[in-house]
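Asks: Sending over run17.tsv (TSV, C-alpha atoms).
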chain	number	residue	atom	x	y	z
A	148	MET	CA	80.08	-45.71	-20.41
A	149	ALA	CA	82.20	-42.58	-20.62
A	150	LEU	CA	82.02	-39.31	-18.73
A	151	LYS	CA	81.73	-35.84	-20.22
A	152	THR	CA	84.08	-33.20	-18.87
A	153	PHE	CA	83.75	-29.47	-19.46
A	154	ARG	CA	85.97	-26.47	-20.09
A	155	PRO	CA	86.39	-24.49	-16.82
A	156	LEU	CA	84.51	-21.41	-18.01
A	157	THR	CA	82.80	-21.18	-14.61
A	158	PRO	CA	83.74	-22.57	-11.16
A	159	ALA	CA	80.88	-25.09	-11.43
A	160	GLN	CA	82.19	-26.47	-14.72
A	161	ARG	CA	85.78	-26.90	-13.55
A	162	PHE	CA	85.22	-30.23	-11.79
A	163	LYS	CA	81.91	-31.21	-13.41
A	164	ALA	CA	81.86	-34.74	-14.85
A	165	LEU	CA	78.54	-36.05	-16.13
A	166	PRO	CA	77.49	-39.30	-17.83
A	167	SER	CA	77.55	-39.17	-21.62
A	168	PHE	CA	74.49	-41.44	-22.00
A	169	GLU	CA	76.06	-42.89	-25.14
A	170	GLU	CA	74.73	-46.36	-24.34
A	171	ILE	CA	71.09	-45.13	-24.19
A	172	THR	CA	69.16	-46.10	-27.33
A	173	LYS	CA	65.57	-45.18	-26.32
A	174	SER	CA	64.55	-41.94	-24.63
A	175	THR	CA	60.99	-42.71	-23.52
A	176	PRO	CA	60.02	-45.61	-21.24
A	177	GLU	CA	57.76	-48.50	-22.23
A	178	LYS	CA	54.36	-47.27	-21.07
A	179	SER	CA	53.03	-50.73	-20.16
A	180	LEU	CA	56.00	-51.28	-17.83
A	181	THR	CA	55.67	-48.06	-15.82
A	182	GLU	CA	53.52	-47.01	-12.91
A	183	SER	CA	53.10	-43.81	-10.92
A	184	LYS	CA	55.45	-43.12	-8.03
A	185	LYS	CA	54.20	-41.14	-5.05
A	186	ARG	CA	56.68	-38.76	-3.47
A	187	THR	CA	56.56	-38.25	0.29
A	188	GLY	CA	58.95	-35.33	0.74
A	189	GLY	CA	60.36	-37.24	3.72
A	190	ARG	CA	57.01	-37.17	5.58
A	191	ASN	CA	55.09	-40.08	7.10
A	192	ASN	CA	51.31	-40.63	7.06
A	193	MET	CA	50.95	-38.05	9.83
A	194	GLY	CA	52.67	-35.38	7.74
A	195	ARG	CA	55.69	-35.29	10.05
A	196	LYS	CA	59.27	-35.34	8.78
A	197	THR	CA	60.85	-38.73	9.30
A	198	SER	CA	63.65	-38.35	6.75
A	199	ARG	CA	65.45	-35.03	6.56
A	200	HIS	CA	66.78	-33.21	3.49
A	201	ARG	CA	64.21	-34.54	1.04
A	202	GLY	CA	61.77	-32.65	-1.14
A	203	GLY	CA	61.21	-31.21	-4.59
A	204	GLY	CA	62.92	-32.90	-7.50
A	205	HIS	CA	61.75	-33.94	-10.93
A	206	LYS	CA	58.69	-36.11	-11.43
A	207	LYS	CA	59.48	-39.81	-11.96
A	208	LYS	CA	57.66	-42.89	-13.14
A	209	TYR	CA	58.61	-46.21	-11.62
A	210	ARG	CA	59.86	-48.83	-14.10
A	211	ILE	CA	58.63	-52.37	-13.34
A	212	ILE	CA	61.74	-54.57	-13.46
A	213	ASP	CA	61.77	-58.36	-13.70
A	214	PHE	CA	64.20	-59.09	-10.86
A	215	LYS	CA	62.94	-62.70	-10.75
A	216	ARG	CA	63.63	-63.40	-14.45
A	217	SER	CA	60.35	-65.26	-14.24
A	218	ARG	CA	60.16	-66.64	-17.81
A	219	ARG	CA	62.46	-69.64	-17.83
A	220	ASP	CA	64.07	-71.18	-20.95
A	221	ALA	CA	62.51	-68.54	-23.24
A	222	VAL	CA	65.03	-66.66	-25.39
A	223	ALA	CA	64.45	-62.89	-25.53
A	224	ASP	CA	65.95	-60.18	-27.71
A	225	VAL	CA	67.45	-57.01	-26.28
A	226	ILE	CA	65.63	-54.23	-28.16
A	227	ALA	CA	66.73	-51.11	-26.23
A	228	VAL	CA	68.86	-49.70	-23.42
A	229	GLU	CA	67.12	-47.07	-21.29
A	230	TYR	CA	67.80	-44.59	-18.50
A	231	ASP	CA	66.11	-45.20	-15.15
A	232	PRO	CA	65.70	-42.17	-12.83
A	233	ASN	CA	65.05	-44.46	-9.85
A	234	ARG	CA	68.45	-46.17	-9.74
A	235	SER	CA	72.08	-45.76	-10.77
A	236	ALA	CA	72.01	-48.69	-13.22
A	237	ARG	CA	70.63	-48.60	-16.75
A	238	LEU	CA	67.80	-50.86	-17.94
A	239	ALA	CA	67.68	-53.26	-20.86
A	240	LEU	CA	64.29	-53.69	-22.55
A	241	ILE	CA	63.86	-57.28	-23.73
A	242	GLN	CA	61.15	-58.86	-25.90
A	243	TYR	CA	60.10	-62.52	-25.96
A	244	PRO	CA	58.96	-64.34	-29.13
A	245	ASP	CA	55.27	-63.93	-28.19
A	246	GLY	CA	55.70	-60.14	-28.01
A	247	GLU	CA	55.84	-59.79	-24.22
A	248	LYS	CA	58.31	-57.15	-23.03
A	249	ALA	CA	60.20	-56.82	-19.76
A	250	TYR	CA	62.88	-54.71	-18.12
A	251	ILE	CA	66.08	-56.20	-16.70
A	252	LEU	CA	69.15	-54.53	-15.25
A	253	HIS	CA	71.60	-53.70	-18.03
A	254	PRO	CA	74.94	-55.50	-17.56
A	255	ALA	CA	78.14	-54.07	-19.02
A	256	GLY	CA	78.73	-55.39	-22.54
A	257	LEU	CA	75.13	-56.29	-23.35
A	258	ILE	CA	74.22	-54.63	-26.65
A	259	VAL	CA	70.98	-54.16	-28.59
A	260	GLY	CA	70.33	-57.25	-30.72
A	261	ALA	CA	71.83	-59.69	-28.21
A	262	LYS	CA	69.80	-62.60	-26.89
A	263	VAL	CA	69.25	-63.37	-23.21
A	264	GLN	CA	67.75	-66.35	-21.43
A	265	ALA	CA	66.96	-67.50	-17.90
A	266	GLY	CA	66.98	-71.12	-16.75
A	267	GLU	CA	69.20	-74.02	-15.71
A	268	ASN	CA	70.03	-74.84	-19.33
A	269	ALA	CA	71.02	-71.30	-20.34
A	270	GLU	CA	74.58	-70.60	-21.46
A	271	PRO	CA	76.72	-68.71	-18.90
A	272	ASN	CA	76.81	-65.57	-21.07
A	273	VAL	CA	76.41	-61.92	-20.07
A	274	GLY	CA	72.77	-61.13	-19.29
A	275	ASN	CA	71.67	-64.74	-18.80
A	276	ALA	CA	70.24	-65.82	-15.42
A	277	LEU	CA	71.07	-69.23	-13.96
A	278	PRO	CA	70.92	-70.92	-10.55
A	279	LEU	CA	74.21	-70.64	-8.67
A	280	LYS	CA	74.72	-74.41	-8.91
A	281	ALA	CA	74.89	-74.17	-12.73
A	282	ILE	CA	77.31	-71.21	-12.98
A	283	PRO	CA	81.04	-71.84	-13.54
A	284	LEU	CA	83.32	-70.68	-10.72
A	285	GLY	CA	85.11	-67.36	-11.04
A	286	LEU	CA	82.40	-65.51	-12.98
A	287	ALA	CA	81.16	-62.03	-12.07
A	288	LEU	CA	77.48	-61.96	-11.06
A	289	HIS	CA	74.77	-59.43	-10.23
A	290	ASN	CA	71.06	-59.32	-9.30
A	291	ILE	CA	71.51	-62.23	-6.87
A	292	GLU	CA	68.68	-63.83	-4.92
A	293	LEU	CA	69.00	-64.46	-1.19
A	294	THR	CA	65.91	-66.67	-1.05
A	295	PRO	CA	65.07	-69.01	-3.97
A	296	GLY	CA	62.25	-67.55	-6.06
A	297	LYS	CA	62.14	-64.17	-4.30
A	298	GLY	CA	64.00	-62.27	-7.01
A	299	GLY	CA	67.36	-60.50	-7.02
A	300	GLN	CA	67.99	-58.49	-3.87
A	301	ILE	CA	71.71	-57.75	-3.79
A	302	VAL	CA	74.40	-56.49	-6.22
A	303	ARG	CA	72.05	-54.28	-8.25
A	304	SER	CA	73.69	-50.82	-8.29
A	305	ALA	CA	75.81	-49.39	-11.10
A	306	GLY	CA	79.20	-51.06	-11.56
A	307	SER	CA	78.68	-53.65	-8.81
A	308	GLN	CA	79.53	-57.33	-9.08
A	309	ALA	CA	80.12	-60.39	-6.89
A	310	ILE	CA	82.50	-63.24	-7.72
A	311	LEU	CA	81.41	-66.88	-7.40
A	312	SER	CA	84.39	-68.40	-5.59
A	313	ASN	CA	83.28	-71.86	-4.42
A	314	ARG	CA	80.40	-74.28	-3.75
A	315	GLU	CA	80.01	-76.61	-0.79
A	316	GLY	CA	77.20	-78.37	1.07
A	317	GLY	CA	74.37	-76.97	-1.02
A	318	TYR	CA	75.63	-73.40	-0.74
A	319	ALA	CA	77.61	-71.14	-3.05
A	320	LEU	CA	80.33	-68.87	-1.67
A	321	LEU	CA	80.25	-65.36	-3.12
A	322	LYS	CA	82.85	-62.67	-2.62
A	323	MET	CA	81.17	-59.26	-2.45
A	324	ALA	CA	82.70	-55.97	-3.55
A	325	SER	CA	83.12	-55.07	0.14
A	326	GLY	CA	85.34	-58.13	0.67
A	327	GLU	CA	82.65	-60.05	2.56
A	328	LEU	CA	82.49	-63.77	1.83
A	329	ARG	CA	78.91	-65.00	2.03
A	330	ARG	CA	77.09	-68.31	1.66
A	331	ILE	CA	73.94	-68.33	-0.49
A	332	ASN	CA	71.67	-71.25	-1.34
A	333	GLU	CA	72.84	-72.71	-4.67
A	334	GLU	CA	69.21	-72.85	-5.90
A	335	CYS	CA	69.13	-69.03	-5.93
A	336	TYR	CA	69.31	-67.36	-9.33
A	337	ALA	CA	71.92	-64.80	-10.36
A	338	THR	CA	72.62	-62.96	-13.60
A	339	ILE	CA	75.97	-63.21	-15.35
A	340	GLY	CA	78.08	-60.05	-15.70
A	341	GLN	CA	78.80	-56.76	-13.99
A	342	VAL	CA	76.08	-54.11	-13.72
A	343	GLY	CA	76.58	-51.44	-16.38
A	344	ASN	CA	77.13	-47.68	-15.98
A	345	ILE	CA	80.51	-48.48	-14.40
A	346	GLU	CA	81.69	-44.84	-14.30
A	347	HIS	CA	78.76	-43.76	-12.13
A	348	MET	CA	80.98	-43.51	-9.04
A	349	ASN	CA	83.12	-40.84	-10.78
A	350	VAL	CA	80.21	-38.52	-11.60
A	351	SER	CA	80.64	-35.00	-10.16
A	352	SER	CA	77.47	-32.93	-10.37
A	353	GLY	CA	79.27	-29.58	-10.37
A	354	LYS	CA	76.45	-27.55	-8.83
A	355	ALA	CA	73.91	-27.65	-6.02
A	356	GLY	CA	70.98	-27.39	-8.42
A	357	ARG	CA	71.62	-30.85	-9.78
A	358	SER	CA	71.04	-32.28	-6.28
A	359	ARG	CA	67.76	-30.36	-6.08
A	360	TRP	CA	66.65	-32.00	-9.34
A	361	LEU	CA	67.19	-35.36	-7.61
A	362	GLY	CA	65.01	-34.33	-4.66
A	363	ILE	CA	67.92	-33.74	-2.25
A	364	ARG	CA	67.61	-30.57	-0.15
A	365	PRO	CA	70.47	-28.68	1.53
A	366	GLN	CA	71.97	-29.98	4.76
A	367	THR	CA	73.08	-27.74	7.63
A	368	ARG	CA	76.20	-28.76	9.55
A	369	GLY	CA	75.66	-29.64	13.19
A	370	MET	CA	78.60	-27.44	14.22
A	371	ALA	CA	76.79	-24.41	12.76
A	372	MET	CA	73.74	-24.97	15.02
A	373	ASN	CA	73.02	-23.99	18.61
A	374	PRO	CA	73.48	-26.51	21.46
A	375	VAL	CA	69.70	-26.81	21.80
A	376	ASP	CA	69.47	-28.07	18.20
A	377	HIS	CA	72.45	-30.41	17.94
A	378	PRO	CA	74.97	-32.15	20.25
A	379	MET	CA	77.81	-30.60	18.22
A	380	GLY	CA	76.39	-27.08	18.28
A	381	GLY	CA	77.49	-24.02	20.22
A	382	GLY	CA	80.88	-22.78	21.34
A	383	GLN	CA	82.97	-19.76	20.42
A	384	GLY	CA	84.05	-19.81	16.78
A	385	LYS	CA	84.78	-23.15	15.17
A	386	SER	CA	84.85	-25.15	18.39
A	387	LYS	CA	84.37	-28.89	18.22
A	388	GLY	CA	81.15	-29.12	20.17
A	389	GLY	CA	80.92	-26.39	22.79
A	390	GLY	CA	84.61	-25.73	23.36
A	391	GLY	CA	85.95	-29.30	23.67
A	392	ARG	CA	86.61	-32.10	21.17
A	393	HIS	CA	83.29	-33.78	20.45
A	394	HIS	CA	82.85	-36.98	18.49
A	395	PRO	CA	80.73	-36.50	15.34
A	396	MET	CA	77.17	-37.62	15.97
A	397	SER	CA	73.62	-37.30	14.70
A	398	PRO	CA	71.14	-34.74	16.09
A	399	TRP	CA	69.79	-37.53	18.33
A	400	GLY	CA	73.16	-38.41	19.81
A	401	GLN	CA	74.15	-41.51	17.79
A	402	LEU	CA	77.83	-41.62	16.85
A	403	SER	CA	78.40	-41.11	13.13
A	404	LYS	CA	81.84	-42.68	12.77
A	405	GLY	CA	82.80	-46.18	13.86
A	406	PHE	CA	79.54	-46.95	15.66
A	407	LYS	CA	78.24	-50.36	14.61
A	408	THR	CA	74.56	-50.26	13.67
A	409	ARG	CA	74.17	-53.93	12.68
A	410	ARG	CA	72.07	-55.93	15.16
A	411	LYS	CA	73.90	-58.45	17.30
A	412	HIS	CA	72.85	-62.08	16.73
A	413	LYS	CA	71.20	-61.29	13.40
A	414	GLN	CA	69.69	-64.33	11.68
A	415	SER	CA	71.85	-63.94	8.57
A	416	ASP	CA	75.11	-63.99	10.58
A	417	THR	CA	75.38	-67.74	10.02
A	418	PHE	CA	75.74	-67.16	6.26
A	419	ILE	CA	78.66	-64.73	6.56
A	420	VAL	CA	81.91	-66.69	6.33
A	421	GLN	CA	84.21	-63.67	6.40
A	422	ARG	CA	83.35	-60.09	7.32
A	423	ARG	CA	83.96	-57.20	5.00
A	424	LYS	CA	87.35	-55.50	4.92
A	425	LYS	CA	88.03	-52.91	7.59
A	426	LYS	CA	89.42	-49.60	6.43
What does this structure look like when you write it as C-alpha cells?
Replies:
Amino acid sequence: MALKTFRPLTPAQRFKALPSFEEITKSTPEKSLTESKKRTGGRNNMGRKTSRHRGGGHKKKYRIIDFKRSRRDAVADVIAVEYDPNRSARLALIQYPDGEKAYILHPAGLIVGAKVQAGENAEPNVGNALPLKAIPLGLALHNIELTPGKGGQIVRSAGSQAILSNREGGYALLKMASGELRRINEECYATIGQVGNIEHMNVSSGKAGRSRWLGIRPQTRGMAMNPVDHPMGGGQGKSKGGGGRHHPMSPWGQLSKGFKTRRKHKQSDTFIVQRRKKK
C-alpha cells in the first residue's frame, strides 16, 4: 500500500498523507456478512459519559470476520479486497467451492485470485491458517489464538506481525512486535504473513475534520483548565500545575507517564518469557 501526498496549497495539505486505497477491489461490503453497529457516543446505559472525546462520526456497518478460520481443509478463492471502517487492516473476501463467503484479515501480498486454506495439512503460504505446531520456525504470523478454538485475538492491526522463534514442551515461543517473548499453546491456530496496509502508521490526516469523521471529538489540555477541573490546571500563565512542576496525570489523578497499569500477579504472567523492550 502506498500513501498519497499533496501539494502544499494550504497549511492542511502540507503534511497530509492519506492511503491510496490502490489494493481495494470492491467498494461495497458483502451484505450477508454485515450487521448494524450501535454507537454509544461514549455513554453507558444510564446516559452518562464513561469515555470522553467520542461522538459524531460517519455511520458504519460491522463486518463479520472469520477469526476462527472455522472451515478446515476447504480451499477458498480470494475474490475481493475491501476497506473496513472498524479497523486499520483491510479485509479479504473469500469464497468456498459450495458458494459460502467469509471475511478474513488481508495479509500483505495476498492478491485476488489466490487460494487460501485452513487446517493442519495446509501449505505454509501467505493467508493460510495452521496450528503453531505445524508452522516452520522463523515465519511471520498474524491473527493468533491464545486459547485453542477461540479465534485469533492478537496481532490483528495493520502492519503487525509476530515471529515464530521456537517450540518446546507443547508451547510455541512467539516474538511480538513490542519485543515481548511469549509462550502460546502449539494447538492454537495462526495465519501466515504480515497484516496488510503496512503504511497505516505513516498516515497524517492533515485536518481536524478527518478526526470528526472517525467519531473523535476535540480534547482540551489539562493545563488549560482550572484547578477544580484538573490536577494540572490553574497557575499564572503556562505554569506546570499551579506554579510548580507537576507530573502529567489524568483528570482523576492517575499518572500518565511511566505508571504501570498492568495488574500484579496476572494469570497470563506465566506465559511471558521476556518482557517487552523498555524505551
Asks: Got a sec: who's within 6 Å of Ala319 (chain A), counting all atoms listed in the file, leaving out chain neighbours fewer than 5 positions off, as number ranges by chain?
Replies: A: 313-314, 330-331, 333
Asks: Any chance you could export the current selection's C-alpha atoms as a short mmCIF file (atom, residue, chain, number, x, y, z; two decimals), in the coordinates of the input?
Replies:
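Here's the written file selection-v2.cif:
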data_model
loop_
_atom_site.label_atom_id
_atom_site.label_comp_id
_atom_site.auth_asym_id
_atom_site.auth_seq_id
_atom_site.Cartn_x
_atom_site.Cartn_y
_atom_site.Cartn_z
CA ASN A 313 83.28 -71.86 -4.42
CA ARG A 314 80.40 -74.28 -3.75
CA ARG A 330 77.09 -68.31 1.66
CA ILE A 331 73.94 -68.33 -0.49
CA GLU A 333 72.84 -72.71 -4.67
#
Asks: With a distance cut-off of 8 Å and all atoms listed in the file, select the neighbouring residues of region 271-287 of chain A, excluding the residue or stretch itself and same-chain residues fewer than 6 positions from it, and output the selection as an NGL selection string.
Replies: :A and (216 or 253-254 or 256-257 or 263-265 or 308-314 or 319 or 332-341)
Asks: Kindly export the residues of the current selection with C-alpha atoms, as a PDB file, in the coordinates of the input.
Replies:
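Saved file out_34.pdb follows:
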ATOM      1  CA  ARG A 216      63.630 -63.400 -14.450  1.00  0.00           C
ATOM      2  CA  HIS A 253      71.600 -53.700 -18.030  1.00  0.00           C
ATOM      3  CA  PRO A 254      74.940 -55.500 -17.560  1.00  0.00           C
ATOM      4  CA  GLY A 256      78.730 -55.390 -22.540  1.00  0.00           C
ATOM      5  CA  LEU A 257      75.130 -56.290 -23.350  1.00  0.00           C
ATOM      6  CA  VAL A 263      69.250 -63.370 -23.210  1.00  0.00           C
ATOM      7  CA  GLN A 264      67.750 -66.350 -21.430  1.00  0.00           C
ATOM      8  CA  ALA A 265      66.960 -67.500 -17.900  1.00  0.00           C
ATOM      9  CA  GLN A 308      79.530 -57.330  -9.080  1.00  0.00           C
ATOM     10  CA  ALA A 309      80.120 -60.390  -6.890  1.00  0.00           C
ATOM     11  CA  ILE A 310      82.500 -63.240  -7.720  1.00  0.00           C
ATOM     12  CA  LEU A 311      81.410 -66.880  -7.400  1.00  0.00           C
ATOM     13  CA  SER A 312      84.390 -68.400  -5.590  1.00  0.00           C
ATOM     14  CA  ASN A 313      83.280 -71.860  -4.420  1.00  0.00           C
ATOM     15  CA  ARG A 314      80.400 -74.280  -3.750  1.00  0.00           C
ATOM     16  CA  ALA A 319      77.610 -71.140  -3.050  1.00  0.00           C
ATOM     17  CA  ASN A 332      71.670 -71.250  -1.340  1.00  0.00           C
ATOM     18  CA  GLU A 333      72.840 -72.710  -4.670  1.00  0.00           C
ATOM     19  CA  GLU A 334      69.210 -72.850  -5.900  1.00  0.00           C
ATOM     20  CA  CYS A 335      69.130 -69.030  -5.930  1.00  0.00           C
ATOM     21  CA  TYR A 336      69.310 -67.360  -9.330  1.00  0.00           C
ATOM     22  CA  ALA A 337      71.920 -64.800 -10.360  1.00  0.00           C
ATOM     23  CA  THR A 338      72.620 -62.960 -13.600  1.00  0.00           C
ATOM     24  CA  ILE A 339      75.970 -63.210 -15.350  1.00  0.00           C
ATOM     25  CA  GLY A 340      78.080 -60.050 -15.700  1.00  0.00           C
ATOM     26  CA  GLN A 341      78.800 -56.760 -13.990  1.00  0.00           C
TER      27      GLN A 341
END
Asks: Select, from A:Ala159, A:Ile419, A:Ile171, A:Ala223, the residue with the minimum atom-to-atom distance to Ala355 (chain A), counting only C-alpha atoms.
Replies: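 The closest residue to Ala355 (chain A) is A:Ala159.
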Asks: Report the distance between CA of Gly400 (chain A) and CA of Asn192 (chain A) in Å, rounded to one decimal place.
Replies: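 Separation of CA of Gly400 (chain A) and CA of Asn192 (chain A): 25.4 Å.
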Asks: Write out as a list in words the residues lying within 8 Å of Ala164 (chain A), counting all atoms listed in the file and excluding same-chain residues fewer than 5 positions away.
Replies: Leu150, Lys151, Thr152, Phe153, Asn349, Val350, Ser351, Ser352 and Gly353 of chain A
Asks: May I ask for the distance between CA of Ser325 (chain A) and CA of Gln421 (chain A), given in Å to one decimal place?
Replies: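 That distance, rounded to one decimal, is 10.7 Å.
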Asks: Suppose you want the space between CA of Ile211 (chain A) and CA of Ala149 (chain A); what is it in Å?
Replies: 26.5 Å
Asks: Return the single residue from A:Asp231, A:Lys178, A:Gly316, A:Arg218 that is closest to Gly296 (chain A), with distances computed using all atoms listed in the file.
Replies: A:Arg218
Asks: Which residues, written as a PyMOL selection string, have at least one atom at most 10 Å from Arg303 (chain A), with only C-alpha atoms counted and residues fewer than 6 positions away on the same chain left out?
Replies: chain A and resi 214+234-236+252-254+288-291+341-343
Asks: Please report, as JSON lines, each residue of region 195-219 of chain A lying at most 7 Å from region 364-379 of chain A, together with the nearest pair of atoms and the separation in Å rounded to one decimal; use only C-alpha atoms, and order rows by chain and ascending residue number.
Replies:
{"residue": "A:His200", "atom": "CA", "partner": "A:Arg364", "partner_atom": "CA", "distance": 4.6}
{"residue": "A:Arg201", "atom": "CA", "partner": "A:Arg364", "partner_atom": "CA", "distance": 5.4}
{"residue": "A:Gly202", "atom": "CA", "partner": "A:Arg364", "partner_atom": "CA", "distance": 6.3}
Asks: With distances taken over only C-alpha atoms, which residue among A:His393, A:Arg195, A:Lys173, A:Lys185 lies nearest Val259 (chain A)?
Replies: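 The closest residue to Val259 (chain A) is A:Lys173.
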Asks: Counting all atoms listed in the file, what is within 7 Å of region 227-230 of chain A, bar same-chain residues fewer than 2 positions away, as an MDAnalysis selection string?
Replies: chainID A and resid 170:174 225 232 237:240 259
Asks: Which is closest to Val420 (chain A) among A:Tyr250, A:Tyr318, A:Trp399, A:Tyr243, if we use all atoms listed in the file?
Replies: A:Tyr318
